[in-house]
$ cat my_file25.txt   # compact mmCIF, C-alpha atoms
# COMPACT_ATOMS: atom_id res chain seq x y z
CA MET N 795 -12.91 -57.40 -28.16
CA TYR N 796 -11.89 -56.63 -24.59
CA SER N 797 -14.80 -54.39 -23.63
CA ALA N 798 -15.07 -55.89 -20.16
CA GLN N 799 -11.37 -55.33 -19.48
CA ARG N 800 -11.52 -51.76 -20.81
CA LEU N 801 -14.56 -51.11 -18.61
CA GLY N 802 -12.53 -52.18 -15.58
CA VAL N 803 -9.70 -49.78 -16.47
CA VAL N 804 -12.11 -46.89 -17.16
CA SER N 805 -14.04 -47.46 -13.92
CA ALA N 806 -10.87 -47.60 -11.83
CA GLU N 807 -9.44 -44.45 -13.42
CA LEU N 808 -12.75 -42.62 -13.05
CA GLU N 809 -12.87 -43.41 -9.35
CA SER N 810 -9.26 -42.32 -8.83
CA ILE N 811 -9.91 -38.98 -10.56
CA ARG N 812 -12.86 -38.34 -8.27
CA GLN N 813 -10.66 -39.05 -5.28
CA LEU N 814 -8.15 -36.49 -6.57
CA PHE N 815 -10.77 -33.74 -6.51
CA VAL N 816 -10.79 -34.06 -2.76
CA THR N 817 -7.03 -33.60 -2.46
CA LEU N 818 -6.58 -30.75 -4.97
CA ASP N 819 -8.07 -28.15 -2.61
CA ILE N 820 -7.53 -25.26 -5.03
CA TYR N 821 -9.42 -22.72 -2.93
CA LYS N 822 -7.20 -22.85 0.16
CA ARG N 823 -3.82 -21.92 -1.35
CA PRO N 824 -2.04 -18.93 0.20
CA MET N 825 -2.11 -15.81 -1.96
CA ILE N 826 0.08 -13.44 0.04
CA ALA N 827 3.62 -13.96 1.23
CA VAL N 828 6.22 -11.66 2.73
CA GLU N 829 8.55 -11.87 -0.23
CA ASN N 830 7.45 -11.00 -3.74
CA GLU N 831 8.97 -14.20 -5.15
CA ASP N 832 6.89 -16.38 -2.88
CA PHE N 833 3.81 -14.35 -3.74
CA ILE N 834 4.34 -14.98 -7.48
CA ALA N 835 5.00 -18.67 -6.80
CA ASN N 836 1.77 -18.94 -4.84
CA VAL N 837 -0.23 -17.28 -7.61
CA ASN N 838 1.40 -19.55 -10.19
CA ARG N 839 0.73 -22.61 -8.07
CA LYS N 840 -2.94 -21.75 -7.77
CA GLU N 841 -3.32 -21.17 -11.51
CA MET N 842 -1.64 -24.49 -12.30
CA ARG N 843 -3.97 -26.20 -9.85
CA LYS N 844 -6.89 -24.68 -11.74
CA ILE N 845 -5.51 -26.03 -15.02
CA GLU N 846 -5.09 -29.46 -13.46
CA PHE N 847 -8.58 -29.36 -12.00
CA GLU N 848 -10.12 -28.44 -15.38
CA LEU N 849 -8.17 -31.19 -17.16
CA LEU N 850 -9.30 -33.78 -14.64
CA ARG N 851 -12.91 -32.60 -14.82
CA ARG N 852 -12.91 -32.86 -18.61
CA ARG N 853 -11.29 -36.30 -18.45
CA GLU N 854 -13.88 -37.37 -15.90
CA ARG N 855 -16.68 -36.49 -18.33
CA GLU N 856 -14.97 -38.36 -21.16
CA LEU N 857 -14.44 -41.46 -19.03
CA GLN N 858 -18.04 -41.39 -17.82
CA GLN N 859 -19.29 -41.26 -21.41
CA GLU N 860 -17.01 -44.12 -22.41
CA LYS N 861 -18.10 -46.13 -19.38
CA ASN N 862 -21.78 -45.69 -20.24
CA LYS N 863 -21.11 -46.74 -23.83
CA LEU N 864 -19.18 -49.82 -22.72
CA LEU N 865 -21.91 -50.81 -20.27
CA ILE N 866 -24.50 -50.73 -23.07
CA GLU N 867 -22.20 -52.73 -25.35
CA LEU N 868 -21.51 -55.33 -22.66
CA SER N 869 -25.19 -55.59 -21.84
CA LYS N 870 -25.93 -56.52 -25.46
CA LEU N 871 -23.07 -59.02 -25.52
CA ARG N 872 -24.23 -60.65 -22.29
CA SER N 873 -27.77 -60.92 -23.63
CA SER N 874 -26.53 -62.61 -26.80
CA TYR N 875 -24.31 -64.93 -24.80
CA GLU N 876 -27.14 -65.92 -22.47
CA SER N 877 -29.37 -66.66 -25.45
CA LEU N 878 -26.62 -68.81 -26.95
CA GLN N 879 -26.21 -70.73 -23.72
CA GLU N 880 -29.96 -71.27 -23.51
CA LEU N 881 -29.99 -72.62 -27.04
CA LEU N 882 -27.10 -74.96 -26.34
CA GLY N 883 -28.69 -76.04 -23.10
CA SER N 884 -31.91 -76.94 -24.89
CA CYS N 885 -30.00 -79.02 -27.45
CA VAL N 886 -27.35 -80.57 -25.23
CA GLN N 887 -29.01 -81.04 -21.87
CA ALA N 888 -26.54 -83.48 -20.34
CA GLU N 889 -22.99 -83.48 -21.70
CA ASP N 890 -20.79 -86.53 -21.32
CA GLN N 891 -17.45 -86.51 -19.51
CA VAL N 892 -15.57 -85.53 -22.66
CA GLY N 893 -17.85 -82.55 -23.20
CA LYS N 894 -17.52 -81.41 -19.59
CA SER N 895 -13.74 -81.73 -19.76
CA LEU N 896 -13.58 -79.68 -22.97
CA HIS N 897 -15.91 -77.08 -21.45
CA ASN N 898 -13.70 -76.72 -18.35
CA LYS N 899 -10.58 -76.37 -20.52
CA TYR N 900 -12.33 -73.75 -22.62
CA GLU N 901 -13.37 -71.74 -19.57
CA GLY N 902 -9.83 -71.91 -18.13
CA ALA N 903 -8.32 -70.72 -21.41
CA GLN N 904 -10.90 -67.95 -21.61
CA ALA N 905 -10.13 -66.77 -18.07
CA LEU N 906 -6.40 -66.64 -18.88
CA ARG N 907 -7.06 -64.75 -22.12
CA ASP N 908 -9.28 -62.24 -20.34
CA SER N 909 -6.66 -61.64 -17.62
CA LEU N 910 -3.90 -61.05 -20.16
CA GLY N 911 -6.27 -58.86 -22.16
CA ALA N 912 -6.97 -56.72 -19.10
CA ILE N 913 -3.24 -56.21 -18.58
CA SER N 914 -2.74 -55.24 -22.23
CA VAL N 915 -5.60 -52.72 -22.12
CA ARG N 916 -4.15 -51.16 -18.97
CA LEU N 917 -0.66 -50.93 -20.50
CA LEU N 918 -2.01 -49.44 -23.74
CA ALA N 919 -3.91 -46.77 -21.80
CA ALA N 920 -0.78 -45.88 -19.81
CA ALA N 921 1.31 -45.71 -23.00
CA GLU N 922 -1.21 -43.33 -24.60
CA TYR N 923 -1.03 -41.02 -21.59
CA GLY N 924 2.76 -41.12 -21.71
CA LYS N 925 2.82 -40.21 -25.40
CA ALA N 926 0.41 -37.35 -24.76
CA ALA N 927 2.73 -36.06 -22.01
CA LEU N 928 5.67 -36.15 -24.43
CA ARG N 929 3.70 -34.15 -27.00
CA HIS N 930 3.04 -31.46 -24.38
CA LEU N 931 6.73 -31.43 -23.48
CA ASP N 932 7.72 -30.96 -27.12
CA VAL N 933 5.63 -27.79 -27.11
CA ALA N 934 6.69 -26.63 -23.65
CA LEU N 935 10.47 -26.81 -23.97
CA PRO N 936 10.78 -24.40 -26.96
CA ALA N 937 8.43 -21.99 -25.19
CA TRP N 938 10.55 -22.25 -22.05
CA LYS N 939 13.67 -21.42 -24.05
CA LEU N 940 11.99 -18.33 -25.46
CA ALA N 941 11.01 -17.28 -21.93
CA SER N 942 14.64 -16.26 -21.29
CA MET N 943 15.39 -14.92 -24.78
CA GLY N 944 12.30 -12.94 -25.69
CA LYS N 945 12.71 -9.41 -27.00
CA SER N 946 10.27 -7.90 -24.53
CA GLY N 947 8.98 -8.59 -21.07
CA ILE N 948 5.54 -9.36 -22.46
CA GLU N 949 6.94 -11.93 -24.87
CA ARG N 950 9.04 -13.59 -22.16
CA THR N 951 6.12 -13.67 -19.70
CA SER N 952 3.76 -15.04 -22.35
CA SER N 953 6.26 -17.75 -23.33
CA CYS N 954 6.78 -18.72 -19.69
CA CYS N 955 3.02 -18.91 -19.23
CA ASP N 956 2.67 -21.19 -22.27
CA ALA N 957 5.54 -23.39 -21.06
CA CYS N 958 4.06 -23.75 -17.57
CA SER N 959 0.64 -24.57 -18.99
CA CYS N 960 2.03 -27.30 -21.26
CA LEU N 961 4.28 -28.67 -18.52
CA THR N 962 1.29 -28.86 -16.18
CA ARG N 963 -0.61 -30.82 -18.83
CA ALA N 964 2.39 -33.11 -19.29
CA ARG N 965 2.53 -33.67 -15.54
CA CYS N 966 -1.19 -34.49 -15.47
CA ASP N 967 -0.83 -37.03 -18.28
CA GLU N 968 2.18 -38.60 -16.56
CA ARG N 969 0.13 -38.93 -13.37
CA CYS N 970 -2.72 -40.47 -15.36
CA ALA N 971 -0.31 -43.07 -16.77
CA ARG N 972 0.84 -44.00 -13.27
CA ARG N 973 -2.72 -44.00 -11.99
CA VAL N 974 -3.83 -46.44 -14.71
CA LEU N 975 -1.01 -48.77 -13.68
CA ALA N 976 -1.86 -48.30 -9.99
CA ALA N 977 1.60 -46.79 -9.38
CA CYS N 978 0.74 -44.13 -6.82
CA SER N 979 4.20 -42.92 -5.77
CA ALA N 980 5.60 -40.23 -8.07
CA PRO N 981 9.19 -40.57 -9.32
CA ARG N 982 11.78 -38.03 -8.23
CA ALA N 983 11.75 -36.27 -11.62
CA ALA N 984 7.98 -35.67 -11.34
CA ARG N 985 8.27 -34.28 -7.81
CA GLU N 986 11.09 -31.94 -8.82
CA LEU N 987 9.06 -30.77 -11.81
CA ARG N 988 6.14 -29.81 -9.59
CA LEU N 989 8.40 -27.74 -7.30
CA ALA N 990 10.22 -26.15 -10.24
CA LEU N 991 6.97 -25.01 -11.83
CA ASP N 992 6.06 -22.99 -8.74
CA TYR N 993 9.02 -20.65 -9.21
CA ALA N 994 9.27 -20.84 -13.01
CA PHE N 995 8.43 -17.17 -13.60
CA THR N 996 11.11 -15.82 -11.26
CA ASP N 997 13.69 -18.46 -12.27
CA THR N 998 13.84 -16.95 -15.76
CA MET N 999 15.40 -13.82 -14.22
CA HIS N 1000 18.44 -15.68 -12.80
CA ASP N 1001 20.79 -17.51 -15.16
CA HIS N 1002 21.91 -20.19 -12.71
CA ARG N 1003 18.37 -20.94 -11.55
CA TYR N 1004 17.10 -20.94 -15.13
CA LYS N 1005 19.71 -23.55 -16.08
CA LYS N 1006 18.82 -25.67 -13.06
CA THR N 1007 15.11 -25.52 -13.87
CA THR N 1008 15.82 -26.38 -17.51
CA GLU N 1009 17.77 -29.44 -16.36
CA ILE N 1010 14.80 -30.51 -14.23
CA PHE N 1011 12.45 -30.24 -17.22
CA HIS N 1012 14.78 -32.34 -19.39
CA GLN N 1013 15.24 -34.88 -16.61
CA PHE N 1014 11.47 -35.23 -16.40
CA LYS N 1015 11.32 -35.84 -20.15
CA ASP N 1016 14.11 -38.44 -19.97
CA ALA N 1017 12.36 -40.22 -17.11
CA LEU N 1018 9.11 -40.16 -19.06
CA VAL N 1019 10.78 -41.67 -22.14
CA GLN N 1020 12.26 -44.46 -20.00
CA PHE N 1021 8.85 -45.05 -18.44
CA ILE N 1022 7.19 -45.35 -21.87
CA ASN N 1023 9.93 -47.68 -23.15
CA TYR N 1024 9.43 -49.89 -20.09
CA ILE N 1025 5.68 -49.99 -20.73
CA HIS N 1026 6.26 -50.93 -24.36
CA GLN N 1027 8.64 -53.74 -23.40
CA VAL N 1028 6.18 -55.20 -20.88
CA LEU N 1029 3.37 -54.77 -23.41
CA LEU N 1030 5.27 -56.66 -26.11
CA ASN N 1031 5.93 -59.55 -23.72
CA ASN N 1032 2.31 -59.59 -22.65
CA ILE N 1033 1.08 -59.53 -26.25
CA GLU N 1034 3.15 -62.64 -26.99
CA ASN N 1035 1.51 -64.43 -24.06
CA LEU N 1036 -1.88 -63.10 -25.17
CA GLU N 1037 -1.40 -64.48 -28.68
CA ASP N 1038 -0.58 -67.92 -27.24
CA ALA N 1039 -3.63 -67.72 -25.00
CA GLU N 1040 -5.80 -66.77 -27.99
CA LYS N 1041 -4.52 -69.80 -29.94
CA ASN N 1042 -5.27 -72.14 -27.03
CA LEU N 1043 -8.71 -70.61 -26.59
CA THR N 1044 -9.48 -70.99 -30.30
CA GLU N 1045 -8.33 -74.61 -30.24
CA TYR N 1046 -10.49 -75.51 -27.22
CA ARG N 1047 -13.44 -73.59 -28.69
CA ASN N 1048 -13.20 -75.53 -31.95
CA GLN N 1049 -12.92 -78.83 -30.09
CA LEU N 1050 -15.94 -78.02 -27.94
CA ARG N 1051 -17.99 -76.91 -30.94
CA SER N 1052 -17.05 -80.05 -32.85
CA HIS N 1053 -18.02 -82.27 -29.93
CA ARG N 1054 -21.37 -80.49 -29.45
CA SER N 1055 -22.09 -80.58 -33.18
CA LYS N 1056 -21.64 -84.34 -33.17
CA ALA N 1057 -23.93 -84.59 -30.15
CA ILE N 1058 -26.59 -82.54 -31.93
CA LEU N 1059 -26.28 -84.76 -35.03
CA LYS N 1060 -26.80 -87.85 -32.91
CA MET N 1061 -29.93 -86.31 -31.40
CA GLY N 1062 -31.31 -85.52 -34.88
CA LEU N 1063 -31.63 -81.78 -34.20
CA THR N 1064 -29.75 -80.47 -37.22
CA GLU N 1065 -32.89 -79.08 -38.89
CA LEU N 1066 -33.76 -76.82 -35.93
CA SER N 1067 -33.34 -73.06 -36.32
CA TYR N 1068 -32.91 -70.49 -33.58
CA ASP N 1069 -36.01 -68.53 -32.62
CA SER N 1070 -35.81 -66.44 -29.47
CA VAL N 1071 -39.61 -66.26 -29.11
CA THR N 1072 -39.98 -70.04 -29.40
CA LEU N 1073 -37.13 -70.55 -26.95
CA LYS N 1074 -38.76 -68.31 -24.35
CA SER N 1075 -42.08 -70.09 -24.88
CA LEU N 1076 -40.44 -73.46 -24.30
CA LYS N 1077 -38.76 -72.16 -21.15
CA ARG N 1078 -42.09 -70.95 -19.75
CA ARG N 1079 -43.74 -74.26 -20.61
CA ASN N 1080 -40.94 -76.25 -18.95
CA LYS N 1081 -41.21 -74.04 -15.88
CA ILE N 1082 -44.97 -74.66 -15.64
CA LEU N 1083 -44.48 -78.40 -16.05
CA LYS N 1084 -41.87 -78.44 -13.27
CA GLU N 1085 -44.14 -76.50 -10.92
CA THR N 1086 -47.05 -78.87 -11.52
$ encode --input "my_file25.txt" --output "structure tokens"
Amino acid sequence: MYSAQRLGVVSAELESIRQLFVTLDIYKRPMIAVENEDFIANVNRKEMRKIEFELLRRRERELQQEKNKLLIELSKLRSSYESLQELLGSCVQAEDQVGKSLHNKYEGAQALRDSLGAISVRLLAAAEYGKAALRHLDVALPAWKLASMGKSGIERTSSCCDACSCLTRARCDERCARRVLAACSAPRAARELRLALDYAFTDTMHDHRYKKTTEIFHQFKDALVQFINYIHQVLLNNIENLEDAEKNLTEYRNQLRSHRSKAILKMGLTELSYDSVTLKSLKRRNKILKET
């Protein structure tokens, strides 16, 4: 129903993802440091950047496909709408003051409905990203716990790798949610998560640092839950306004249709049927008559 609004959200997100490719700069990260810990952190940082880059590239392709599909759908809708307006224009050439007033009210109600619909689509997209981030966190946190309790070094390293991968995906989805809402600045919990991920592998070797990193991960999850709850609250309020706008739009639409139907009855055009070929022929004939 809100294809045009969804197209706006998809186009904006697609453009923002393409801008991010410029800032990721995954090929210029330092690989060697004096201390072994910094070296591992740099390697981990680069690998997480690769994961983020691949996720964004895949999302870019998905958004481009959705955008193309929406453009085709909107093109068909616009064509049908233009044909409808041509038909109405041929039947009701000069509306009276009442008809013009009803038409203006209808257009105003439609503009309000479309604006509220665009907000709802944007909020729904952000909520979906937030829920996806939570799903990644639900997988990451148990893996992170096993990273300090595994029976072997291979098991602990593998679990830490899985946790970092899922946490990186959660961070990407959280950024997507903020990007959809045009909230560019990252919250403190997200910034701390990014820094904690760099040293995640070596933090598992120190109890106090492991506990601190675990707290950061849980703080990020808590902040994400609050963010999603806020989105849901705003969405519920907006949906209420959207429902009222839909009712007003339906009322004005019915009034306008009723008024035009009466006008068509008065003109004795009730037996006419819509024929796109005939309509185009009449338009060409009228154009020729005007030119002569």
$ closest_residue --input "my_file25.txt" --among "N:Leu864, N:Ile845, N:Leu1018, N:Leu910" --to "N:Leu1036" --atoms "all atoms listed in the file"
N:Leu910
$ closest_residue --input "my_file25.txt" --among "N:Arg853, N:Arg972, N:Lys1060, N:Lys840" --to "N:Ile1025" --atoms "only C-alpha atoms"
N:Arg972
$ closest_atom_pairs --input "my_file25.txt" --of "stretch 984-1070 of chain N" --to "stretch 933-950 of chain N" --cutoff "12 Å" --atoms "all atoms listed in the file" --output "JSON lines"
{"residue": "N:Leu991", "atom": "CA", "partner": "N:Trp938", "partner_atom": "CA", "distance": 11.2}
{"residue": "N:Ala994", "atom": "CA", "partner": "N:Trp938", "partner_atom": "CA", "distance": 9.2}
{"residue": "N:Phe995", "atom": "CA", "partner": "N:Ala941", "partner_atom": "CA", "distance": 8.7}
{"residue": "N:Thr996", "atom": "CA", "partner": "N:Ser942", "partner_atom": "CA", "distance": 10.6}
{"residue": "N:Asp997", "atom": "CA", "partner": "N:Ser942", "partner_atom": "CA", "distance": 9.3}
{"residue": "N:Thr998", "atom": "CA", "partner": "N:Ser942", "partner_atom": "CA", "distance": 5.6}
{"residue": "N:Met999", "atom": "CA", "partner": "N:Ser942", "partner_atom": "CA", "distance": 7.5}
{"residue": "N:His1000", "atom": "CA", "partner": "N:Ser942", "partner_atom": "CA", "distance": 9.3}
{"residue": "N:Asp1001", "atom": "CA", "partner": "N:Ser942", "partner_atom": "CA", "distance": 8.8}
{"residue": "N:His1002", "atom": "CA", "partner": "N:Ser942", "partner_atom": "CA", "distance": 11.9}
{"residue": "N:Arg1003", "atom": "CA", "partner": "N:Ser942", "partner_atom": "CA", "distance": 11.4}
{"residue": "N:Tyr1004", "atom": "CA", "partner": "N:Ser942", "partner_atom": "CA", "distance": 8.1}
{"residue": "N:Lys1005", "atom": "CA", "partner": "N:Lys939", "partner_atom": "CA", "distance": 10.2}
{"residue": "N:Thr1007", "atom": "CA", "partner": "N:Trp938", "partner_atom": "CA", "distance": 9.9}
{"residue": "N:Thr1008", "atom": "CA", "partner": "N:Trp938", "partner_atom": "CA", "distance": 8.1}
{"residue": "N:Glu1009", "atom": "CA", "partner": "N:Leu935", "partner_atom": "CA", "distance": 10.9}
{"residue": "N:Ile1010", "atom": "CA", "partner": "N:Leu935", "partner_atom": "CA", "distance": 11.3}
{"residue": "N:Phe1011", "atom": "CA", "partner": "N:Leu935", "partner_atom": "CA", "distance": 7.8}
{"residue": "N:His1012", "atom": "CA", "partner": "N:Leu935", "partner_atom": "CA", "distance": 8.4}
{"residue": "N:Gln1013", "atom": "CA", "partner": "N:Leu935", "partner_atom": "CA", "distance": 11.9}
{"residue": "N:Phe1014", "atom": "CA", "partner": "N:Leu935", "partner_atom": "CA", "distance": 11.4}
{"residue": "N:Lys1015", "atom": "CA", "partner": "N:Leu935", "partner_atom": "CA", "distance": 9.8}
$ closest_residue --input "my_file25.txt" --among "N:Arg988, N:Ser979, N:Tyr875, N:Asn1042" --to "N:Ala835" --atoms "all atoms listed in the file"
N:Arg988
$ closest_residue --input "my_file25.txt" --among "N:Asp890, N:Glu1045, N:Asp832, N:Glu807" --to "N:Leu857" --atoms "only C-alpha atoms"
N:Glu807
$ atom_distance --input "my_file25.txt" --atom1 "atom CA of N:Leu865" --atom2 "atom CA of N:Ser909"
18.9 Å
$ closest_residue --input "my_file25.txt" --among "N:Val974, N:Val804, N:Ala798, N:Val837" --to "N:Glu860" --atoms "only C-alpha atoms"
N:Val804
$ closest_residue --input "my_file25.txt" --among "N:Lys844, N:Ser953, N:Val915, N:Ser959" --to "N:Gly802" --atoms "only C-alpha atoms"
N:Val915
$ atom_distance --input "my_file25.txt" --atom1 "atom CA of N:Asp932" --atom2 "atom CA of N:Arg963"
11.8 Å
$ atom_distance --input "my_file25.txt" --atom1 "atom CA of N:Leu1043" --atom2 "atom CA of N:Arg907"
7.6 Å
